[in-house]
$ cat work.cif   # mmCIF, C-alpha atoms
data_entry
#
loop_
_atom_site.label_atom_id
_atom_site.label_comp_id
_atom_site.auth_asym_id
_atom_site.auth_seq_id
_atom_site.Cartn_x
_atom_site.Cartn_y
_atom_site.Cartn_z
CA MET A 1 -28.47 7.40 -7.26
CA ARG A 2 -26.81 5.45 -10.01
CA THR A 3 -23.24 6.62 -9.59
CA ASN A 4 -22.27 5.23 -12.99
CA ASP A 5 -24.68 7.67 -14.66
CA ALA A 6 -22.46 10.68 -15.35
CA GLN A 7 -25.33 12.84 -16.54
CA MET A 8 -27.35 12.28 -13.37
CA LEU A 9 -24.33 13.04 -11.23
CA VAL A 10 -23.82 16.34 -13.05
CA LEU A 11 -27.48 17.28 -12.68
CA CYS A 12 -27.37 16.53 -8.94
CA THR A 13 -24.32 18.70 -8.39
CA LEU A 14 -26.01 21.62 -10.14
CA ALA A 15 -29.15 21.42 -7.99
CA ASP A 16 -27.91 24.15 -5.62
CA GLY A 17 -26.61 26.54 -8.27
CA PRO A 18 -24.22 27.07 -11.20
CA LEU A 19 -20.75 25.47 -11.24
CA HIS A 20 -17.89 25.24 -13.70
CA GLY A 21 -16.26 21.99 -14.78
CA TYR A 22 -13.64 21.62 -12.05
CA ALA A 23 -16.13 22.47 -9.30
CA ILE A 24 -18.66 20.04 -10.77
CA ASN A 25 -16.14 17.22 -10.62
CA ALA A 26 -15.15 18.11 -7.05
CA ALA A 27 -18.81 17.99 -6.05
CA ILE A 28 -19.22 14.64 -7.83
CA GLU A 29 -16.28 13.23 -5.88
CA LYS A 30 -17.90 14.35 -2.62
CA LEU A 31 -21.22 12.86 -3.68
CA SER A 32 -20.12 9.52 -5.13
CA GLY A 33 -16.63 8.93 -3.75
CA GLU A 34 -14.74 9.37 -7.03
CA ARG A 35 -14.27 11.85 -9.85
CA LEU A 36 -15.34 11.39 -13.43
CA GLY A 37 -12.66 11.17 -16.08
CA PRO A 38 -12.35 14.29 -18.28
CA GLY A 39 -13.96 12.50 -21.20
CA SER A 40 -16.91 11.31 -19.14
CA LEU A 41 -17.43 14.70 -17.53
CA TYR A 42 -17.31 16.82 -20.65
CA GLY A 43 -19.21 14.23 -22.66
CA ALA A 44 -21.98 14.38 -20.06
CA LEU A 45 -21.97 18.20 -20.13
CA THR A 46 -22.26 18.22 -23.92
CA ARG A 47 -25.15 15.73 -23.95
CA LEU A 48 -27.00 17.58 -21.21
CA GLU A 49 -26.64 20.86 -23.08
CA ASP A 50 -27.88 19.22 -26.29
CA LYS A 51 -30.95 17.99 -24.37
CA GLU A 52 -31.51 21.53 -23.03
CA LEU A 53 -31.18 20.30 -19.45
CA ILE A 54 -28.30 22.69 -18.69
CA GLU A 55 -27.20 25.98 -20.16
CA PRO A 56 -23.88 27.86 -20.11
CA LEU A 57 -23.39 31.15 -18.35
CA ALA A 58 -20.89 33.89 -19.08
CA GLY A 59 -17.55 33.19 -17.43
CA GLU A 60 -13.99 34.43 -17.28
CA GLY A 61 -11.07 32.67 -18.93
CA ARG A 62 -11.44 28.92 -19.24
CA GLN A 63 -14.04 28.74 -16.50
CA ARG A 64 -17.44 28.25 -18.07
CA PRO A 65 -20.12 27.78 -15.44
CA VAL A 66 -23.35 25.99 -16.32
CA ARG A 67 -26.69 25.84 -14.58
CA LEU A 68 -29.82 23.74 -14.68
CA THR A 69 -32.60 24.83 -16.97
CA ALA A 70 -36.21 24.57 -15.86
CA LYS A 71 -36.45 21.41 -17.96
CA GLY A 72 -33.30 20.05 -16.33
CA ARG A 73 -34.60 20.67 -12.82
CA GLU A 74 -37.86 18.94 -13.70
CA VAL A 75 -35.97 15.89 -15.04
CA LEU A 76 -33.74 15.80 -11.97
CA GLU A 77 -36.66 15.98 -9.52
CA ARG A 78 -38.56 13.30 -11.41
CA GLU A 79 -35.54 10.98 -11.42
CA LEU A 80 -34.85 11.53 -7.73
CA ARG A 81 -38.47 10.76 -6.86
CA SER A 82 -38.28 7.60 -8.93
CA MET A 83 -35.05 6.47 -7.26
CA ALA A 84 -36.48 7.19 -3.81
CA GLU A 85 -39.54 5.09 -4.62
CA VAL A 86 -37.33 2.21 -5.76
CA THR A 87 -35.23 2.45 -2.61
CA ASP A 88 -38.31 2.59 -0.38
CA ARG A 89 -39.78 -0.48 -2.09
CA MET A 90 -36.53 -2.39 -1.70
CA PHE A 91 -35.99 -1.77 2.02
CA GLU A 92 -38.30 -2.45 4.94
CA ALA A 93 -39.29 0.82 6.58
CA ALA A 94 -41.24 -0.51 9.56
CA VAL A 95 -39.84 -2.41 12.51
CA PRO A 96 -40.81 -6.04 11.90
CA ASP A 97 -42.95 -8.07 14.25
CA ARG A 98 -40.58 -9.56 16.84
CA ILE A 99 -41.84 -13.11 16.52
CA GLY A 100 -41.76 -12.92 12.75
CA TYR A 101 -38.22 -11.53 12.87
CA LEU A 102 -36.97 -14.38 15.07
CA ASP A 103 -38.64 -16.99 12.88
CA ARG A 104 -37.23 -15.33 9.79
CA LEU A 105 -33.67 -15.40 11.11
CA ALA A 106 -34.00 -19.01 12.23
CA GLY A 107 -35.05 -19.98 8.72
CA THR A 108 -31.99 -18.54 6.99
CA ASP A 109 -29.00 -20.67 6.04
CA VAL A 110 -26.87 -18.70 8.49
CA GLY A 111 -29.41 -19.16 11.29
CA ARG A 112 -29.70 -22.89 10.75
CA SER A 113 -25.92 -23.26 10.60
CA TYR A 114 -24.99 -21.53 13.85
CA LYS A 115 -27.96 -23.02 15.71
CA ARG A 116 -26.78 -26.49 14.74
CA LEU A 117 -23.31 -25.57 16.00
CA VAL A 118 -24.77 -24.45 19.35
CA LEU A 119 -26.71 -27.71 19.66
CA ASP A 120 -23.61 -29.76 18.84
CA GLU A 121 -21.49 -27.87 21.39
CA LEU A 122 -24.13 -28.35 24.09
CA ASP A 123 -23.53 -32.10 23.84
CA ILE A 124 -26.94 -32.88 25.32
CA ARG A 125 -27.49 -36.44 26.54
CA PRO A 126 -30.77 -38.34 27.02
CA GLY A 127 -32.20 -37.53 30.42
CA HIS A 128 -30.52 -34.13 30.71
CA THR A 129 -32.29 -30.99 31.88
CA ALA A 130 -31.65 -28.26 29.30
CA LEU A 131 -32.37 -24.57 29.84
CA ASP A 132 -33.09 -22.09 27.05
CA MET A 133 -32.71 -18.56 28.47
CA GLY A 134 -34.59 -16.07 26.34
CA CYS A 135 -36.44 -18.81 24.48
CA GLY A 136 -38.58 -16.32 22.55
CA PRO A 137 -41.47 -17.93 20.65
CA GLY A 138 -39.97 -21.39 21.18
CA THR A 139 -37.93 -21.50 18.00
CA ASP A 140 -35.37 -23.97 19.37
CA LEU A 141 -37.30 -25.84 22.05
CA ALA A 142 -38.30 -28.75 19.82
CA ALA A 143 -34.67 -29.43 18.87
CA LEU A 144 -33.70 -29.41 22.54
CA ALA A 145 -36.58 -31.73 23.40
CA GLU A 146 -35.45 -34.18 20.76
CA ALA A 147 -31.93 -34.12 22.20
CA VAL A 148 -32.95 -34.75 25.84
CA THR A 149 -35.47 -37.43 24.73
CA PRO A 150 -38.68 -38.06 26.68
CA SER A 151 -36.58 -39.00 29.69
CA GLY A 152 -35.23 -35.45 29.99
CA THR A 153 -36.61 -31.96 30.48
CA VAL A 154 -36.38 -28.71 28.55
CA ILE A 155 -37.07 -25.44 30.37
CA GLY A 156 -37.69 -22.34 28.30
CA ILE A 157 -37.64 -18.97 30.05
CA ASP A 158 -38.54 -15.56 28.67
CA THR A 159 -39.55 -12.19 30.16
CA ASP A 160 -42.15 -11.47 27.48
CA PRO A 161 -45.64 -12.92 28.13
CA GLU A 162 -46.44 -12.89 24.41
CA MET A 163 -43.31 -14.93 23.65
CA VAL A 164 -44.12 -17.36 26.46
CA ASP A 165 -47.67 -17.85 25.19
CA ARG A 166 -46.45 -18.51 21.67
CA ALA A 167 -43.74 -20.91 22.86
CA ARG A 168 -46.27 -22.83 24.97
CA GLY A 169 -48.57 -23.12 21.99
CA ARG A 170 -45.82 -24.40 19.73
CA THR A 171 -44.66 -27.02 22.23
CA ALA A 172 -48.03 -28.13 23.55
CA ASP A 173 -47.46 -31.63 22.12
CA LEU A 174 -43.99 -31.94 23.68
CA PRO A 175 -44.44 -33.10 27.28
CA ALA A 176 -40.72 -32.71 28.03
CA VAL A 177 -40.94 -28.93 27.48
CA ASP A 178 -41.79 -26.53 30.31
CA VAL A 179 -42.05 -22.86 29.29
CA ARG A 180 -41.97 -20.30 32.10
CA LEU A 181 -42.26 -16.56 32.44
CA GLY A 182 -39.07 -15.45 34.14
CA ASP A 183 -36.00 -13.25 34.14
CA ALA A 184 -32.52 -14.54 33.30
CA HIS A 185 -31.14 -12.13 35.92
CA ASP A 186 -33.03 -14.07 38.61
CA LEU A 187 -33.71 -17.55 37.28
CA PRO A 188 -36.70 -19.30 38.89
CA LEU A 189 -34.64 -22.47 39.34
CA ALA A 190 -32.88 -24.22 42.21
CA ASP A 191 -29.11 -24.32 42.53
CA ALA A 192 -27.39 -27.07 40.54
CA SER A 193 -30.62 -28.15 38.83
CA VAL A 194 -29.64 -27.89 35.15
CA ASP A 195 -27.22 -29.89 32.99
CA ARG A 196 -27.09 -27.64 29.92
CA ALA A 197 -27.96 -23.99 29.28
CA ARG A 198 -27.98 -21.84 26.17
CA THR A 199 -28.51 -18.27 25.04
CA ASP A 200 -29.07 -17.25 21.45
CA ARG A 201 -28.57 -13.50 20.88
CA THR A 202 -30.12 -12.89 24.32
CA LEU A 203 -27.22 -11.37 26.25
CA GLN A 204 -26.94 -8.52 23.75
CA HIS A 205 -30.25 -7.21 25.14
CA VAL A 206 -30.12 -7.89 28.89
CA THR A 207 -29.51 -5.21 31.50
CA ASP A 208 -26.59 -6.96 33.21
CA PRO A 209 -24.81 -9.77 31.30
CA ALA A 210 -22.51 -10.50 34.26
CA ARG A 211 -25.54 -11.08 36.50
CA VAL A 212 -27.08 -13.46 33.94
CA LEU A 213 -23.82 -15.41 33.72
CA ALA A 214 -23.66 -15.65 37.52
CA GLU A 215 -27.21 -17.02 37.56
CA THR A 216 -26.35 -19.48 34.82
CA ARG A 217 -23.37 -20.65 36.82
CA ARG A 218 -25.57 -21.03 39.91
CA VAL A 219 -28.17 -23.28 38.30
CA LEU A 220 -25.73 -25.52 36.41
CA ARG A 221 -24.71 -28.81 38.00
CA PRO A 222 -21.03 -29.78 38.38
CA GLY A 223 -19.91 -30.85 34.93
CA GLY A 224 -22.60 -28.65 33.40
CA ARG A 225 -22.15 -26.63 30.26
CA ALA A 226 -23.50 -23.36 28.85
CA VAL A 227 -23.25 -22.46 25.18
CA MET A 228 -23.92 -18.87 24.19
CA ALA A 229 -24.26 -17.46 20.68
CA GLU A 230 -23.88 -13.70 20.76
CA PRO A 231 -22.99 -11.12 18.07
CA ASP A 232 -20.33 -8.45 17.97
CA TRP A 233 -22.08 -5.63 16.14
CA ASP A 234 -18.87 -3.60 15.99
CA SER A 235 -17.77 -6.18 13.39
CA LEU A 236 -20.59 -5.18 11.04
CA ALA A 237 -18.88 -4.28 7.75
CA ILE A 238 -20.88 -2.94 4.81
CA ASP A 239 -19.18 -2.09 1.56
CA HIS A 240 -19.62 1.52 0.43
CA PRO A 241 -17.38 3.78 -1.72
CA ASP A 242 -17.08 6.09 1.29
CA PRO A 243 -16.01 3.87 4.22
CA GLU A 244 -16.76 6.65 6.70
CA ILE A 245 -20.46 6.42 5.85
CA SER A 246 -20.66 2.69 6.54
CA ARG A 247 -18.51 3.12 9.67
CA ALA A 248 -20.90 5.80 10.94
CA TYR A 249 -23.83 3.47 10.29
CA THR A 250 -22.13 0.71 12.31
CA ARG A 251 -21.19 3.13 15.11
CA HIS A 252 -24.83 4.11 15.42
CA ILE A 253 -25.85 0.45 15.72
CA THR A 254 -23.28 -0.18 18.45
CA ASP A 255 -23.87 3.10 20.30
CA ARG A 256 -27.63 3.50 20.10
CA ILE A 257 -29.47 0.41 18.83
CA VAL A 258 -28.10 -2.63 20.66
CA ARG A 259 -27.63 -2.42 24.44
CA ASN A 260 -24.63 -4.77 24.67
CA ALA A 261 -23.40 -4.45 21.12
CA VAL A 262 -19.96 -6.05 21.60
CA ILE A 263 -21.02 -8.84 23.98
CA GLY A 264 -19.64 -11.45 21.57
CA ARG A 265 -16.04 -10.41 22.18
CA GLN A 266 -16.65 -9.83 25.89
CA LEU A 267 -18.20 -13.21 26.66
CA PRO A 268 -15.01 -15.26 27.17
CA ARG A 269 -13.81 -12.76 29.78
CA LEU A 270 -17.19 -12.36 31.48
CA ALA A 271 -17.73 -16.12 31.61
CA THR A 272 -14.30 -16.63 33.14
CA GLU A 273 -15.00 -13.93 35.73
CA ALA A 274 -18.28 -15.74 36.56
CA GLY A 275 -16.32 -18.88 37.44
CA PHE A 276 -16.58 -20.83 34.21
CA ALA A 277 -13.84 -22.52 32.25
CA VAL A 278 -14.02 -21.42 28.60
CA PRO A 279 -12.52 -24.18 26.44
CA THR A 280 -13.98 -23.13 23.10
CA VAL A 281 -14.82 -19.95 21.20
CA VAL A 282 -16.03 -20.32 17.62
CA PRO A 283 -16.47 -17.26 15.36
CA VAL A 284 -19.34 -17.52 12.89
CA THR A 285 -19.21 -14.82 10.21
CA SER A 286 -22.36 -14.20 8.22
CA VAL A 287 -21.66 -12.91 4.70
CA PHE A 288 -24.49 -11.29 2.78
CA ARG A 289 -24.38 -10.80 -0.99
CA ASP A 290 -28.09 -10.18 -1.54
CA VAL A 291 -29.26 -6.81 -0.26
CA ARG A 292 -32.88 -7.83 0.21
CA SER A 293 -31.94 -10.83 2.33
CA ALA A 294 -29.54 -8.70 4.38
CA ASP A 295 -32.15 -5.99 4.86
CA ARG A 296 -34.60 -8.47 6.34
CA ILE A 297 -32.08 -9.04 9.12
CA LEU A 298 -30.28 -5.69 9.35
CA GLY A 299 -33.06 -3.17 8.60
CA PHE A 300 -31.04 -0.74 6.49
CA GLN A 301 -33.61 1.97 5.83
CA ARG A 302 -35.05 2.34 9.31
CA ASN A 303 -31.59 2.26 10.90
CA ALA A 304 -30.11 4.70 8.38
CA GLU A 305 -32.98 7.08 9.14
CA ARG A 306 -32.33 6.67 12.87
CA ALA A 307 -28.62 7.29 12.32
CA ALA A 308 -29.43 10.52 10.48
CA ALA A 309 -31.85 11.64 13.21
CA ALA A 310 -29.18 10.95 15.84
CA GLY A 311 -26.52 12.92 13.94
CA TYR A 312 -24.30 9.99 12.98
CA LEU A 313 -25.09 10.58 9.30
CA SER A 314 -26.35 13.60 7.41
CA GLU A 315 -29.63 13.07 5.58
CA GLU A 316 -27.69 13.26 2.32
CA ALA A 317 -25.21 10.62 3.48
CA ALA A 318 -28.04 8.35 4.64
CA ARG A 319 -29.65 8.60 1.22
CA ARG A 320 -26.33 7.96 -0.52
CA PHE A 321 -25.84 4.94 1.71
CA LEU A 322 -29.22 3.48 0.79
CA ASP A 323 -28.90 4.37 -2.88
CA HIS A 324 -25.58 2.57 -3.11
CA LEU A 325 -26.95 -0.53 -1.38
CA ALA A 326 -29.91 -0.56 -3.75
CA GLU A 327 -27.70 -0.37 -6.84
CA GLY A 328 -25.29 -3.20 -6.01
CA PRO A 329 -23.08 -5.08 -6.10
CA PHE A 330 -23.71 -5.61 -2.41
CA PHE A 331 -21.52 -6.99 0.38
CA ALA A 332 -21.93 -7.04 4.15
CA ALA A 333 -20.62 -9.24 6.95
CA VAL A 334 -21.00 -9.54 10.71
CA THR A 335 -19.51 -11.97 13.22
CA LEU A 336 -21.27 -13.88 15.97
CA TYR A 337 -19.33 -15.85 18.58
CA VAL A 338 -20.34 -19.22 19.96
CA VAL A 339 -18.80 -19.45 23.44
CA VAL A 340 -18.66 -22.68 25.41
CA ALA A 341 -18.51 -22.27 29.22
CA GLU A 342 -18.14 -25.21 31.60
CA VAL A 343 -18.51 -25.91 35.32
CA GLY A 344 -15.83 -28.23 36.69
CA ASP A 345 -16.90 -31.67 37.94
CA GLY A 346 -15.79 -30.93 41.46
CA ALA A 347 -17.05 -27.34 41.63
CA LEU A 348 -19.67 -26.18 44.05
CA SER A 349 -22.66 -24.53 42.41
#
$ encode --input "work.cif" --output "C-alpha cells"
Amino acid sequence: MRTNDAQMLVLCTLADGPLHGYAINAAIEKLSGERLGPGSLYGALTRLEDKELIEPLAGEGRQRPVRLTAKGREVLERELRSMAEVTDRMFEAAVPDRIGYLDRLAGTDVGRSYKRLVLDELDIRPGHTALDMGCGPGTDLAALAEAVTPSGTVIGIDTDPEMVDRARGRTADLPAVDVRLGDAHDLPLADASVDRARTDRTLQHVTDPARVLAETRRVLRPGGRAVMAEPDWDSLAIDHPDPEISRAYTRHITDRIVRNAVIGRQLPRLATEAGFAVPTVVPVTSVFRDVRSADRILGFQRNAERAAAAGYLSEEAARRFLDHLAEGPFFAAVTLYVVVAEVGDGALS
C-alpha cells in the first residue's frame, strides 16, 4: 500500500474492527514501520469521517473509537484490489524460462561487466584449450572461441540436454567449439588436458562443489588457471522500512532456494583445499535502483510467495514487502565473487 497515504493506512487498520486513536497509530506503526504524526493522524480521521468512510462510536473519557462504515469497507476493498493488480502487473509471477533467464542476465550491464572480468582473469592465449563448466545455452562460448583463436579449442559441458542442444546450435559456425553432455562432478576429460577453466554461477547449484573443484584441478595442466564467478546470496540486501522483513526474504533464499547459497565466500577456502593457489578474489557488487530490472533477475513476487508458504514471512508481511518495492524508491544489492585459482607450474595433475 502507499504508506504515505494516511487515510488508506487508517482504513487498513480498521479492517478488523473498531479502534481509538492511539491504537490506530500503534497498528499503523506495525503495518508501515512508523507512526503518523498527531496532525496527520487526526487530519486523516476528520477527512474520513467527512467522507462517511468511518463513524465514531461511544467511548469513555478521551478514547473515541471509530469503525469503518459500509461505504468505507467498500472503498478499502476496491483500493486493495487495485493495488494488488498493480503489484501483480509489476512483478513476474511465473518462473522464467531457464534459457531466457540466462540470456537476460548476460545482457544486463552487470552481467556484461563481470563476464568481461572473468575473461580478463582467465588470461587465455591463442592455442589454449578452455573449458566452460555449466556452459548453459552457450552464452559465453563465442567469447572464449575468439580468445583461443582457431588454433585453440573450447569445450562446453552441461548436464542439461536442452542446454547442450541450444549451445551446439549457437556455435555451429565455430569449429573451435566442442559442446558435450557431461557432469562437472565427473568431467569427461583426460588428466592435465585443459589450460583454462571457468564457472559462471554454476557451483551454487551443484551437489558437491568440493568434488567439482577436485575434478577441475585434475583436468588442468601445470600452470593452468580456473576462474569462477559465484554469488553469495546471504549478501542480498533489499531496502525496506522493516529490516526484519527483508532479512527474512533473504534467509529464505539462502535456506530454501539456492543449494549452495554462500558458495562465493566459501570458494577461496574450497579451492585451496582442492590444491589450488588462490592469488585473486574480486568482489563484484550489483546495485539495483530500478525495481522492474531487479525483479527480472531476483523474482520478487514468486519468491515472496514461497517465503510466505514456507513460514519465513506471514502473508501480510509478504504483501507489505511487495507493496513497498512497488512504490519506490527502490534499492537492492548482492555480491558475486570472482575467484582465481591456479595450478603451480611444477605440480602434478
$ axis_aligned_box --input "work.cif" --around "region 335-346 of chain A" --padding-each-side "8 Å" --output "AutoDock Vina command-line options"
--center_x -18.5 --center_y -21.8 --center_z 27.3 --size_x 21.5 --size_y 35.7 --size_z 44.2
$ closest_residue --input "work.cif" --among "A:Val206, A:Ala310, A:Met228, A:Val281" --to "His252 (chain A)" --atoms "all atoms listed in the file"
A:Ala310
$ residues_around --input "work.cif" --residues "region 185-193 of chain A" --least-positions-apart "5" --cutoff "6 Å" --atoms "all atoms listed in the file" --output "number ranges by chain"
A: 211-212, 218-221, 349
$ residues_around --input "work.cif" --residues "region 167-182 of chain A" --least-positions-apart "3" --cutoff "12 Å" --atoms "all atoms listed in the file" --output "PyMOL selection string"
chain A and resi 99+103+126-164+185-189
$ resolve_selection --input "work.cif" --expression "the PyMOL selection byres ((chain A and resi 270) around 12)" --output "list of chain:residue names"
A:Leu203, A:Asp208, A:Pro209, A:Ala210, A:Arg211, A:Val212, A:Leu213, A:Ala214, A:Arg217, A:Met228, A:Ile263, A:Gly264, A:Arg265, A:Gln266, A:Leu267, A:Pro268, A:Arg269, A:Ala271, A:Thr272, A:Glu273, A:Ala274, A:Gly275, A:Phe276, A:Ala277, A:Val278, A:Val339, A:Ala341
$ closest_residue --input "work.cif" --among "A:Leu36, A:Leu11, A:Ala333, A:Val282" --to "Glu52 (chain A)" --atoms "all atoms listed in the file"
A:Leu11
$ closest_residue --input "work.cif" --among "A:Thr285, A:Gly107, A:Asp16, A:Tyr337" --to "Arg201 (chain A)" --atoms "only C-alpha atoms"
A:Tyr337
$ closest_residue --input "work.cif" --among "A:Ala318, A:Ile297, A:Leu9, A:Leu236" --to "Leu336 (chain A)" --atoms "all atoms listed in the file"
A:Leu236
$ atom_distance --input "work.cif" --atom1 "CA of Arg67 (chain A)" --atom2 "CA of Glu55 (chain A)"
5.6 Å
$ residues_around --input "work.cif" --residues "Pro241 (chain A)" --least-positions-apart "2" --cutoff "12 Å" --atoms "all atoms listed in the file" --output "PyMOL selection string"
chain A and resi 3+29-35+238-239+243-247+317+320-321+323-325+328-331
$ closest_residue --input "work.cif" --among "A:Trp233, A:Leu105, A:Val262, A:Gly224" --to "Arg125 (chain A)" --atoms "all atoms listed in the file"
A:Gly224
$ closest_residue --input "work.cif" --among "A:Arg47, A:Arg78, A:Arg259, A:Arg104" --to "Cys12 (chain A)" --atoms "all atoms listed in the file"
A:Arg78
